[in-house]
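protein-v1.pdb (PDB, C-alpha atoms) appears below.
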ATOM      1  CA  MET A   1     -24.973-115.544-135.021
ATOM      2  CA  PRO A   2     -27.981-117.810-135.649
ATOM      3  CA  GLU A   3     -30.585-116.918-138.264
ATOM      4  CA  GLN A   4     -34.225-116.782-137.177
ATOM      5  CA  THR A   5     -36.908-117.136-139.838
ATOM      6  CA  PHE A   6     -40.649-116.616-139.301
ATOM      7  CA  ILE A   7     -43.579-114.730-140.839
ATOM      8  CA  VAL A   8     -44.534-111.209-139.737
ATOM      9  CA  ASN A   9     -47.640-109.495-141.063
ATOM     10  CA  GLY A  10     -47.719-111.820-144.053
ATOM     11  CA  GLU A  11     -44.041-111.553-145.003
ATOM     12  CA  ARG A  12     -41.366-114.150-144.333
ATOM     13  CA  VAL A  13     -38.418-112.548-142.554
ATOM     14  CA  THR A  14     -34.981-113.748-141.548
ATOM     15  CA  VAL A  15     -32.918-111.968-138.905
ATOM     16  CA  ASP A  16     -29.480-112.645-137.473
ATOM     17  CA  VAL A  17     -30.014-112.644-133.737
ATOM     18  CA  GLU A  18     -29.305-114.903-130.775
ATOM     19  CA  ASP A  19     -31.974-117.434-129.810
ATOM     20  CA  ASP A  20     -32.596-115.871-126.380
ATOM     21  CA  VAL A  21     -33.439-112.354-127.604
ATOM     22  CA  ARG A  22     -37.081-111.574-126.873
ATOM     23  CA  LEU A  23     -39.282-111.311-129.938
ATOM     24  CA  LEU A  24     -40.440-107.831-128.897
ATOM     25  CA  TRP A  25     -36.910-106.493-129.386
ATOM     26  CA  VAL A  26     -36.576-108.257-132.727
ATOM     27  CA  LEU A  27     -39.834-106.717-133.922
ATOM     28  CA  ARG A  28     -39.038-103.214-132.672
ATOM     29  CA  ASP A  29     -35.255-102.922-132.995
ATOM     30  CA  ARG A  30     -34.424-105.215-135.911
ATOM     31  CA  LEU A  31     -37.571-105.030-138.040
ATOM     32  CA  GLY A  32     -38.791-101.512-137.192
ATOM     33  CA  ILE A  33     -42.271-102.714-136.211
ATOM     34  CA  THR A  34     -43.149-100.427-133.314
ATOM     35  CA  GLY A  35     -46.866-101.135-132.763
ATOM     36  CA  PRO A  36     -46.174-103.645-129.982
ATOM     37  CA  LYS A  37     -45.132-101.468-127.042
ATOM     38  CA  TYR A  38     -42.658-102.173-124.274
ATOM     39  CA  GLY A  39     -44.401-101.784-120.954
ATOM     40  CA  CYS A  40     -43.086-104.205-118.379
ATOM     41  CA  GLY A  41     -41.020-106.850-120.170
ATOM     42  CA  ILE A  42     -42.365-109.579-117.881
ATOM     43  CA  ASN A  43     -45.693-110.529-119.516
ATOM     44  CA  VAL A  44     -47.847-108.556-117.080
ATOM     45  CA  CYS A  45     -49.026-105.294-118.654
ATOM     46  CA  LYS A  46     -49.661-106.798-122.108
ATOM     47  CA  ALA A  47     -48.872-103.574-124.000
ATOM     48  CA  CYS A  48     -47.007-105.706-126.541
ATOM     49  CA  THR A  49     -49.900-108.100-127.242
ATOM     50  CA  SER A  50     -49.743-109.439-130.785
ATOM     51  CA  HIS A  51     -50.926-112.670-132.413
ATOM     52  CA  ILE A  52     -49.001-115.854-133.048
ATOM     53  CA  ASN A  53     -50.809-118.207-135.396
ATOM     54  CA  GLY A  54     -54.022-116.296-134.682
ATOM     55  CA  LYS A  55     -53.841-116.345-130.885
ATOM     56  CA  ALA A  56     -52.938-113.511-128.537
ATOM     57  CA  PHE A  57     -49.470-113.673-127.021
ATOM     58  CA  ASN A  58     -46.904-111.319-125.553
ATOM     59  CA  PRO A  59     -43.660-111.050-127.518
ATOM     60  CA  CYS A  60     -41.844-109.605-124.493
ATOM     61  CA  ALA A  61     -41.986-113.088-122.981
ATOM     62  CA  VAL A  62     -41.023-115.192-126.023
ATOM     63  CA  PRO A  63     -37.416-115.797-127.057
ATOM     64  CA  VAL A  64     -37.161-115.542-130.837
ATOM     65  CA  GLY A  65     -35.456-118.952-130.938
ATOM     66  CA  LYS A  66     -38.749-120.562-129.868
ATOM     67  CA  LEU A  67     -40.391-119.555-133.160
ATOM     68  CA  GLY A  68     -40.586-121.897-136.099
ATOM     69  CA  ALA A  69     -40.182-120.890-139.732
ATOM     70  CA  ASP A  70     -43.933-121.230-140.311
ATOM     71  CA  ASP A  71     -45.060-119.340-137.225
ATOM     72  CA  GLU A  72     -47.127-116.321-138.229
ATOM     73  CA  ILE A  73     -46.835-113.188-136.134
ATOM     74  CA  THR A  74     -49.418-110.450-136.615
ATOM     75  CA  THR A  75     -48.918-107.047-135.042
ATOM     76  CA  ILE A  76     -51.280-104.077-135.070
ATOM     77  CA  GLU A  77     -49.626-102.966-138.315
ATOM     78  CA  GLY A  78     -50.773-106.153-140.058
ATOM     79  CA  LEU A  79     -54.228-106.356-138.495
ATOM     80  CA  PRO A  80     -56.154-104.674-141.353
ATOM     81  CA  ASP A  81     -54.820-107.328-143.738
ATOM     82  CA  GLN A  82     -56.542-110.016-141.649
ATOM     83  CA  VAL A  83     -59.930-109.026-143.105
ATOM     84  CA  GLU A  84     -61.173-108.565-146.647
ATOM     85  CA  PRO A  85     -60.910-105.001-147.986
ATOM     86  CA  SER A  86     -64.719-104.845-148.111
ATOM     87  CA  GLN A  87     -64.801-105.344-144.310
ATOM     88  CA  ARG A  88     -62.548-102.387-143.646
ATOM     89  CA  GLY A  89     -64.118 -99.123-142.596
ATOM     90  CA  ASP A  90     -63.656 -95.557-143.756
ATOM     91  CA  HIS A  91     -60.032 -95.474-142.618
ATOM     92  CA  ASP A  92     -59.008 -98.788-144.275
ATOM     93  CA  LEU A  93     -58.653-100.323-140.822
ATOM     94  CA  HIS A  94     -59.728-103.577-139.214
ATOM     95  CA  PRO A  95     -63.330-103.412-137.892
ATOM     96  CA  MET A  96     -62.047-103.450-134.286
ATOM     97  CA  GLN A  97     -59.791-100.472-134.992
ATOM     98  CA  GLU A  98     -62.759 -98.631-136.505
ATOM     99  CA  ALA A  99     -64.808 -99.376-133.376
ATOM    100  CA  TRP A 100     -61.942 -98.011-131.259
ATOM    101  CA  LEU A 101     -62.081 -94.735-133.168
ATOM    102  CA  ASP A 102     -65.877 -94.501-133.088
ATOM    103  CA  GLN A 103     -65.966 -95.178-129.332
ATOM    104  CA  ASP A 104     -63.160 -92.637-128.733
ATOM    105  CA  VAL A 105     -61.254 -95.152-126.626
ATOM    106  CA  ALA A 106     -57.705 -93.842-126.737
ATOM    107  CA  GLN A 107     -56.506 -91.338-124.210
ATOM    108  CA  CYS A 108     -52.718 -91.521-124.157
ATOM    109  CA  GLY A 109     -52.890 -94.425-126.633
ATOM    110  CA  TYR A 110     -49.833 -96.324-125.409
ATOM    111  CA  CYS A 111     -51.649 -99.556-124.571
ATOM    112  CA  GLN A 112     -54.127 -99.421-127.433
ATOM    113  CA  PRO A 113     -52.332-101.664-129.962
ATOM    114  CA  GLY A 114     -52.123-104.422-127.361
ATOM    115  CA  GLN A 115     -55.708-103.851-126.240
ATOM    116  CA  ILE A 116     -56.980-104.100-129.819
ATOM    117  CA  MET A 117     -54.949-107.224-130.563
ATOM    118  CA  ALA A 118     -56.249-108.902-127.385
ATOM    119  CA  ALA A 119     -59.819-107.901-128.300
ATOM    120  CA  VAL A 120     -59.574-109.322-131.828
ATOM    121  CA  ALA A 121     -58.130-112.609-130.549
ATOM    122  CA  LEU A 122     -60.931-112.876-127.971
ATOM    123  CA  VAL A 123     -63.699-112.124-130.488
ATOM    124  CA  ASN A 124     -62.228-114.646-132.949
ATOM    125  CA  LYS A 125     -62.023-117.301-130.219
ATOM    126  CA  VAL A 126     -65.590-116.751-129.026
ATOM    127  CA  SER A 127     -66.832-116.700-132.625
ATOM    128  CA  ARG A 128     -65.047-119.990-133.441
ATOM    129  CA  GLU A 129     -66.789-121.502-130.411
ATOM    130  CA  GLY A 130     -70.146-120.321-131.761
ATOM    131  CA  GLY A 131     -70.766-117.667-129.120
ATOM    132  CA  THR A 132     -71.108-113.928-128.811
ATOM    133  CA  ILE A 133     -69.098-111.641-126.554
ATOM    134  CA  THR A 134     -70.361-111.485-122.967
ATOM    135  CA  ASP A 135     -69.279-109.521-119.913
ATOM    136  CA  ALA A 136     -67.632-112.716-118.658
ATOM    137  CA  ASP A 137     -65.570-112.852-121.850
ATOM    138  CA  LEU A 138     -64.571-109.202-121.488
ATOM    139  CA  ASP A 139     -63.482-109.904-117.912
ATOM    140  CA  THR A 140     -60.836-112.317-119.235
ATOM    141  CA  ILE A 141     -58.860-109.540-120.927
ATOM    142  CA  ARG A 142     -56.017-108.583-118.594
ATOM    143  CA  ASN A 143     -54.340-105.803-120.580
ATOM    144  CA  ILE A 144     -53.511-102.799-118.418
ATOM    145  CA  CYS A 145     -54.630 -99.287-119.382
ATOM    146  CA  ARG A 146     -52.842 -96.688-117.283
ATOM    147  CA  CYS A 147     -55.447 -94.058-118.246
ATOM    148  CA  GLY A 148     -58.338 -96.220-117.067
ATOM    149  CA  THR A 149     -60.459 -96.181-120.233
ATOM    150  CA  TYR A 150     -61.803 -99.655-119.484
ATOM    151  CA  THR A 151     -65.483 -98.696-119.931
ATOM    152  CA  ARG A 152     -64.801 -97.368-123.436
ATOM    153  CA  ILE A 153     -62.577-100.376-124.198
ATOM    154  CA  ARG A 154     -65.397-102.764-123.304
ATOM    155  CA  LYS A 155     -67.893-100.810-125.435
ATOM    156  CA  ALA A 156     -65.491-100.808-128.355
ATOM    157  CA  ILE A 157     -64.929-104.556-128.124
ATOM    158  CA  VAL A 158     -68.676-105.201-128.272
ATOM    159  CA  ASP A 159     -68.998-102.730-131.157
ATOM    160  CA  GLY A 160     -66.014-104.244-132.973
ATOM    161  CA  ALA A 161     -67.359-107.765-132.470
ATOM    162  CA  ALA A 162     -70.611-106.745-134.156
ATOM    163  CA  ARG A 163     -68.641-105.372-137.109
ATOM    164  CA  MET A 164     -66.539-108.513-137.417
TER     165      MET A 164
END
Since I need it in another form, could you write the structure as structure tokens?
Amino acid sequence: MPEQTFIVNGERVTVDVEDDVRLLWVLRDRLGITGPKYGCGINVCKACTSHINGKAFNPCAVPVGKLGADDEITTIEGLPDQVEPSQRGDHDLHPMQEAWLDQDVAQCGYCQPGQIMAAVALVNKVSREGGTITDADLDTIRNICRCGTYTRIRKAIVDGAARM
């Protein structure tokens, strides 16, 4: 069986798995990283949203063999480590996660890791471009929330962006 090597949440990992196995299953079943959720498996619901090299992506749609040894995957578990400890809030979380708590976003919570990861990637992108989050930016997020907490999600993204 081929070996796949890449970086997850700051640690280099090597797993023995076929090239065509989706990264989501490697993360969840082989590495025990369960923050990225399985929702649809076809890159539609975005419950598994994580970051690859700082950009949002959906590991349900990426065969592990497509990753390079220097590709960096960040899941919700590794998100707090993406900011300095002084930027973390009362719960030692990423500023966006703190905003999520303060805005009481989660209802069932299933989609929340993916929602937060998409929000952080969007805020980082807009910030790199020299802008601030607008309603038009928020409209680009396509993650599905089965509970319909979109109003609170939008408020939390704006709040989290201000904290970042």
Next item on the list: I would like the residues chosen by the PyMOL selection byres ((chain A and resi 6-17) around 10) on the shown file; could you give them as number ranges by chain?
Entry: A: 1-5, 18-22, 26-27, 30-31, 33, 51-53, 64-65, 67-82
Checklist line | Residue with smallest distance to Gly39 in chain A - pool A:Leu24, A:Ala56, A:Ile157, A:Leu138, counting only C-alpha atoms | finding: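 With only C-alpha atoms as the atom set, the closest residue is A:Leu24.
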Check: Hey, can you check how far CA of Cys48 in chain A sits from CA of Ile153 in chain A?
Finding: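 CA of Cys48 in chain A sits 16.6 Å away from CA of Ile153 in chain A.
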Item checked: Expansion of the PyMOL selection byres ((chain A and resi 111) around 9) into residues, as a PyMOL selection string -> chain A and resi 36-37+39+45-48+106+108-110+112-116+143-146
Notebook entry, point to check: Quick one: residues within 12 Å of Gln107 in chain A, only C-alpha atoms counted, chain neighbours fewer than 6 positions away excluded, as a list of chain:residue names?
Noted result: A:Trp100, A:Leu101, A:Cys145, A:Arg146, A:Cys147, A:Gly148, A:Thr149, A:Tyr150, A:Arg152, A:Ile153
Note to self: Restricting the calculation to all atoms listed in the file: of A:Met164, A:Ala118, A:Ala99, A:Ala156, which residue gets closest to Thr132 in chain A?
What the structure shows: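 For Thr132 in chain A, the nearest of the given residues is A:Met164.
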Check: Given the choices A:Gly41, A:Pro95, A:Gly160, A:Pro85, which gets closest to Val62 in chain A if the distance is worked out from only C-alpha atoms?
Finding: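 Using only C-alpha atoms, Val62 in chain A sits closest to A:Gly41.
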Margin query: To one decimal place in Å, what is the distance between CA of Ala136 in chain A and CA of Asp104 in chain A?
Written below: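 Between CA of Ala136 in chain A and CA of Asp104 in chain A the gap is 22.9 Å.
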Item checked: CA of Ala121 in chain A to CA of Thr134 in chain A, straight-line distance in Å -> 14.4 Å
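Using all atoms listed in the file for every distance, the candidate list A:Gly130, A:Leu23, A:Asp102, A:Lys55 yields A:Asp102 as the residue closest to Gly89 in chain A.
Between Lys125 in chain A and the candidates A:Lys66, A:Thr151, A:Ala162, A:Gly54, the tightest atom-to-atom separation, counting all atoms listed in the file, involves A:Gly54.
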Listed atoms of range 16-22 of chain A boxed along x, y and z, 6 Å each side, centre and edge lengths in Å, one decimal, as lines of an AutoDock Vina configuration file:
center_x = -33.2
center_y = -114.5
center_z = -131.9
size_x = 19.8
size_y = 17.9
size_z = 23.1
